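Comments concern the structure below.
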Amino acid sequence: MRTVASQLTTQKDKFSLPDGIHYLNCATRAPLSRTVEQAGLDAIHRDSNPFGLRPDDFFSGAIRVRALFSDLINNPDPDRIAVVPSVSYGMAVVARNLPNKPGIRAGQHIVLVGSEFPSDVYAWDRVCIELGLTIKTVPMPDEFPRGPRWNERLLDAIDSHTALVIAPPVHWMYGIRFDLEAVGQRAREVGAWLAVDGTQAIGALPVNMAAIQPDAVVCAGYKWLMGPYSLGLAYYGPAFDDGTPLEEGWMNRLDSNQFHKLMDYQPVYRPKAYRYNVGEHTHFVQMPMLETSLEQLLDWQPERIQTYTNELMQDAWPALEQLGCQIEPLNGTQGRSHHLVGLWLPEHTDPMAVQQALQAEKVSVSARARALRIAPHVYNTPEDADALVRVLTKVLTM
């Protein structure tokens with residue numbers, strides 16, 4: 001386990017965000033830091049002259065990135081990490097292999113939390129028809145606090161008829177946390193798989209794979225991993241070691257770095273999760289950017305990011321509650337996160353209109369259903385929190 005260093009200070013100088021912009025919207029897309037931007041420019045420059053490119057150069061970048069991501073999620077085995085282009089791709093791997101799950105049978109169900117991101121919902125339509133499965137959705141409670149009751153309902157939904165559970169560490173719209181250690185234990189007790197969409201948590205919230213013991217974890221790279229778009233990472237546990245990939249890529253086969261032998265067709269995959277890598281997973285430009293962003297996050301540390309975002313916003317939340325807004329209280333692993341917070345607006349308020357009013361004042365957040373999704377990071381300063389409160393006070397008291 002890593003030792004948590006001293007408290008973070010603002011990292012705004014490491015980004016190119018213009019003065020006067022209050023970007024509280026990392027949950028939509030993270031701004032690239034100056035070092036990540038430079039890594040991409042350097043990679044483009046190298047690509048302008050590929051002379052001297054070696055076979056191993058097609059593999060080395062991904063090897064480094066898989067090791068860094070493993071460190072970030074406390075996974076001891078980088079061979080369990082695959083390079084994917086998106087969450088939908090990573091979840092499609094789970095769906096593709098669900099028919100081979102021991103004990104799978106018609107009449108079982110897949111458990112989802114309510115209002116889940118579409119990529120975590122659409123993935124199961126076809127396999128449900130093929131296997132005779134149904135979807136069991138666990139809705140969010142209506143009353144505050146929502147987190148403890150939602151977690152309780154989720155655990156109650158997992159029973160002997162459950163084939164697969166899909167659950168995030170943090171709900172993508174509301175920032176409500178799910179106790180994945182308890183969910184993982186319940187899933188194992190009934191023989192269900194657990195697949196985790198870590199996109200809105202990994203990088204900003206500590207995740208301990210050894211404690212959760214999921215079967216799969218999928219994470220897009222352009223949000224809290226703070227890397228480029230269309231590049232992500234996924235963990236696949238022992239249940240997938242002999243599974244079926246979505247693509248039959250040449251790079252995923254044993255000895256594929258020996259270019260002089262590529263015509264000696266190889267039926268054997270590289271071990272563990274390597275078979276699930278997307279084709280052309282080298283990503284000569286994007287991979288160095290993701291490598292740089294992961295190094296950056298390991299230096300900042302998710303624990304310290306949580307502390308920073310908590311202290312940054314701690315005066316804003318009471319001020320906004322005085323305006324009639326509601327937020328989920330802190331309640332350990334069943335309350336809300338600090339880096340992604342759902343702010344429920346007063347009734348009869350139009351969230352889209354409020355978002356547009358904030359945007360006009362250069363405050364960037366996202367409207368999601370009846371809430372504003374507020375997502376600060378280490379590039380934010382107290383001025384950003386103050387701007388959010390100032391504009392919402394003006395809008396909600398008009």
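Ordered as shown in the structure tokens, chains take letters A, B, and onward, while each chain numbers its residues from 1 and ligands are numbered from 1 in the order shown.
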Neighbour list for Ala211 of chain A as a list in words, cut-off 12 Å, only C-alpha atoms, skip fewer than 4 positions in-chain: Ile73, Asn74, Asn75, Asp179, Leu180, Glu181, Ala182, Val183, Gly184, Gln185, Pro206 and Val207 of chain A
Segment 157-169 of chain A environment, 9 Å, only C-alpha atoms, sequence neighbours closer than 6 positions dropped, as a PyMOL selection string: chain A and resi 98+101+103-105+107-113+116+120-121+133+136-138+176-180+183-184+186-187+189-202+205+207+333
Who sits within 10 Å of Tyr222 of chain A, only C-alpha atoms, same chain under 3 positions skipped, as a PyMOL selection string: chain A and resi 26-32+86+199+219+225-232+290+293
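Within the 6 Å cut-off around Ala234 of chain A, using only C-alpha atoms and omitting residues fewer than 3 positions from it on the same chain, the listed residues are A:Ile81, A:Ala82, A:Val217, A:Val218.
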Alpha helix (DSSP H) per DSSP on the backbone: members of segment 25-221 of chain A, as a PyMOL selection string: chain A and resi 34-47+57-72+87-97+119-122+125-131+147-157+180-190+209-212
With a distance cut-off of 10 Å and only C-alpha atoms, select the neighbouring residues of segment 260-262 of chain A, excluding the residue or stretch itself and same-chain residues fewer than 6 positions from it, and output the selection as a PDB file with N, CA and C atoms, in the first residue's frame.
```
ATOM      1  N   PRO A  55      10.028  -3.516 -33.150  1.00  0.00           N
ATOM      2  CA  PRO A  55       8.816  -4.270 -32.809  1.00  0.00           C
ATOM      3  C   PRO A  55       8.370  -4.063 -31.369  1.00  0.00           C
ATOM      4  N   TRP A 250      -3.831  -9.547 -33.904  1.00  0.00           N
ATOM      5  CA  TRP A 250      -2.542 -10.239 -33.996  1.00  0.00           C
ATOM      6  C   TRP A 250      -1.652  -9.902 -32.814  1.00  0.00           C
ATOM      7  N   MET A 251      -1.778  -8.705 -32.255  1.00  0.00           N
ATOM      8  CA  MET A 251      -0.912  -8.312 -31.151  1.00  0.00           C
ATOM      9  C   MET A 251      -1.219  -9.075 -29.870  1.00  0.00           C
ATOM     10  N   ARG A 253      -1.622 -12.219 -29.507  1.00  0.00           N
ATOM     11  CA  ARG A 253      -1.142 -13.593 -29.555  1.00  0.00           C
ATOM     12  C   ARG A 253       0.284 -13.700 -29.000  1.00  0.00           C
TER      13      ARG A 253
END
```
Find the nearest atom pair between each residue of segment 164-278 of chain A and segment 372-391 of chain A for residues within 8 Å, count only C-alpha atoms, give distances in Å to one decimal, sort rows by chain and ascending number, and present the table as a Markdown table.
```
| residue | atom | partner | partner_atom | distance |
| --- | --- | --- | --- | --- |
| A:Met173 | CA | A:Arg373 | CA | 6.2 |
| A:Tyr174 | CA | A:Arg373 | CA | 6.5 |
| A:Gly175 | CA | A:Arg373 | CA | 7.9 |
```
For the selection you just gave me, I'd like the residues written to a file as a compact mmCIF listing (two decimals), in the first residue's frame, keeping N, CA, C and O atoms.
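Saved as again.txt:
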```
# COMPACT_ATOMS: atom_id res chain seq x y z
N MET A 173 -24.28 10.45 -11.91
CA MET A 173 -25.06 11.68 -11.91
C MET A 173 -25.07 12.38 -10.55
O MET A 173 -25.06 13.61 -10.48
N TYR A 174 -25.08 11.60 -9.48
CA TYR A 174 -25.38 12.16 -8.17
C TYR A 174 -24.22 12.09 -7.17
O TYR A 174 -24.30 12.66 -6.09
N GLY A 175 -23.16 11.37 -7.50
CA GLY A 175 -22.03 11.28 -6.60
C GLY A 175 -22.26 10.41 -5.38
O GLY A 175 -21.43 10.40 -4.46
```
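Here atom CA of His45 of chain A is placed at a distance of 27.1 Å from atom CA of Gln11 of chain A.
Each of A:Arg96, A:Ala210, A:Thr349, A:Leu233 was compared to Thr397 of chain A using only C-alpha atoms, and A:Thr349 turns out to be the nearest.
Among the candidates A:Ser70, A:Gln286, A:Asn257, A:Asn97, the one nearest to Met209 of chain A when counting only C-alpha atoms is A:Ser70.
Using only C-alpha atoms, the residues found no farther than 9 Å from Pro346 of chain A, other than those of its own chain fewer than 5 positions away, are Leu323, Gly324, Cys325, Gln326 and Leu396 of chain A.
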Restricting the output to N, CA, C and O atoms, write the selected residues as a tab-separated table (two decimals), in the first residue's frame.
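For reference, again_8.tsv as written:
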```
chain	number	residue	atom	x	y	z
A	323	LEU	N	-30.15	28.10	0.22
A	323	LEU	CA	-30.94	28.55	-0.93
A	323	LEU	C	-32.05	27.56	-1.29
A	323	LEU	O	-32.77	27.78	-2.26
A	324	GLY	N	-32.16	26.47	-0.52
A	324	GLY	CA	-33.19	25.47	-0.80
A	324	GLY	C	-32.69	24.28	-1.59
A	324	GLY	O	-33.48	23.40	-1.96
A	325	CYS	N	-31.38	24.22	-1.85
A	325	CYS	CA	-30.81	23.06	-2.52
A	325	CYS	C	-30.59	21.93	-1.52
A	325	CYS	O	-30.53	22.16	-0.30
A	326	GLN	N	-30.43	20.72	-2.04
A	326	GLN	CA	-30.15	19.56	-1.19
A	326	GLN	C	-28.95	18.81	-1.72
A	326	GLN	O	-28.77	18.69	-2.95
A	396	LEU	N	-31.17	31.70	-8.13
A	396	LEU	CA	-32.23	31.06	-7.34
A	396	LEU	C	-33.01	32.03	-6.47
A	396	LEU	O	-34.03	31.64	-5.87
```
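Across the structure, atom CA of Lys14 of chain A and atom CA of Thr35 of chain A are spaced 7.6 Å apart.
All residues of segment 96-227 of chain A that DSSP, run on the backbone, classes as strand (DSSP E) are A:His109, A:Ile110, A:Val111, A:Leu112, A:Val113, A:Thr134, A:Ile135, A:Lys136, A:Thr137, A:Val138, A:Thr162, A:Ala163, A:Leu164, A:Val165, A:Ile166, A:Trp193, A:Leu194, A:Ala195, A:Val196, A:Asp197, A:Ala216, A:Val217, A:Val218, A:Cys219, A:Ala220.
Between atom CA of Ala92 of chain A and atom CA of Asn252 of chain A the interatomic distance comes to 17.5 Å.
Every protein or nucleic acid residue with an atom no more than 9 Å from Ala95 of chain A, counting only C-alpha atoms and leaving out same-chain residues fewer than 4 positions away, appears here: Met91, Pro99, Ala123, Trp124, Arg126 and Val127 of chain A.
If you measure from each of A:Ile327, A:Leu345, A:Leu24, A:Val268 to Ser364 of chain A using only C-alpha atoms, the closest one turns out to be A:Leu24.
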